[in-house]
Amino acid sequence: MSKGKNPLIKSLVASGTRVQGGMYFDEGLRVDGEVKGNVIANEGKPSVLVVGDNARVEGEVSADHVIINGEVVGPVTANTMLELQAKAKIEGDVYYRAIELHLGAMVAGQLRPMPKVEEKPALKLAS
């Protein structure tokens, strides 16, 4: 994912909506309601997941860029960047490459940094 460029949020679980079962999404998803099941970005494209301040997710959460200001009960994986805003509450282990933690955010689990992926220059073969 290029720096500063997140994919557009094209899908929404609105406030007052309850979803039972896993969700897989492309690019961007915002959850303002309740999800009982995993919320996982499809691989192969940059992704962003926003869990709003009144949202609740019970299950695994995984995307490239994850922004949480609500409640997650389950493991969280942010392949690129994790932002835990002031009202964030997580019960589960958190896996991240980079993290931004705001005053007031709570994690009841372990913070587990993932190794940085180094881009190696392409090898040119001599002809």
# chains A, B, ... in the order shown; residues from 1 in each chain; ligands from 1

call {"tool": "residues_around", "arguments": {"residues": "stretch 32-44 of chain A", "least_positions_apart": "6", "cutoff": "12 Å", "atoms": "only C-alpha atoms", "output": "JSON, numbers by chain"}}
result
{"A": [1, 7, 11, 12, 13, 14, 15, 16, 17, 18, 19, 20, 21, 22, 23, 24, 25, 26, 50, 51, 52, 53, 54, 55, 56, 57, 58, 59, 60, 61, 62, 63, 64, 65, 66, 68, 69, 70, 71, 72, 73, 74, 75, 76, 77, 78, 79]}

call {"tool": "select_by_dssp", "arguments": {"residues": "chain A", "states": "strand (DSSP E)", "output": "ChimeraX atom specification"}}
result
/A:9-13,18-20,23-25,28-31,34-36,39-41,48-51,56-58,61-68,71-73,76-84,89-91,94-96,99-101,106-108,111-113

call {"tool": "closest_residue", "arguments": {"among": "A:Leu29, A:Leu8, A:Pro46, A:Met114", "to": "A:Arg97", "atoms": "only C-alpha atoms"}}
result
A:Met114
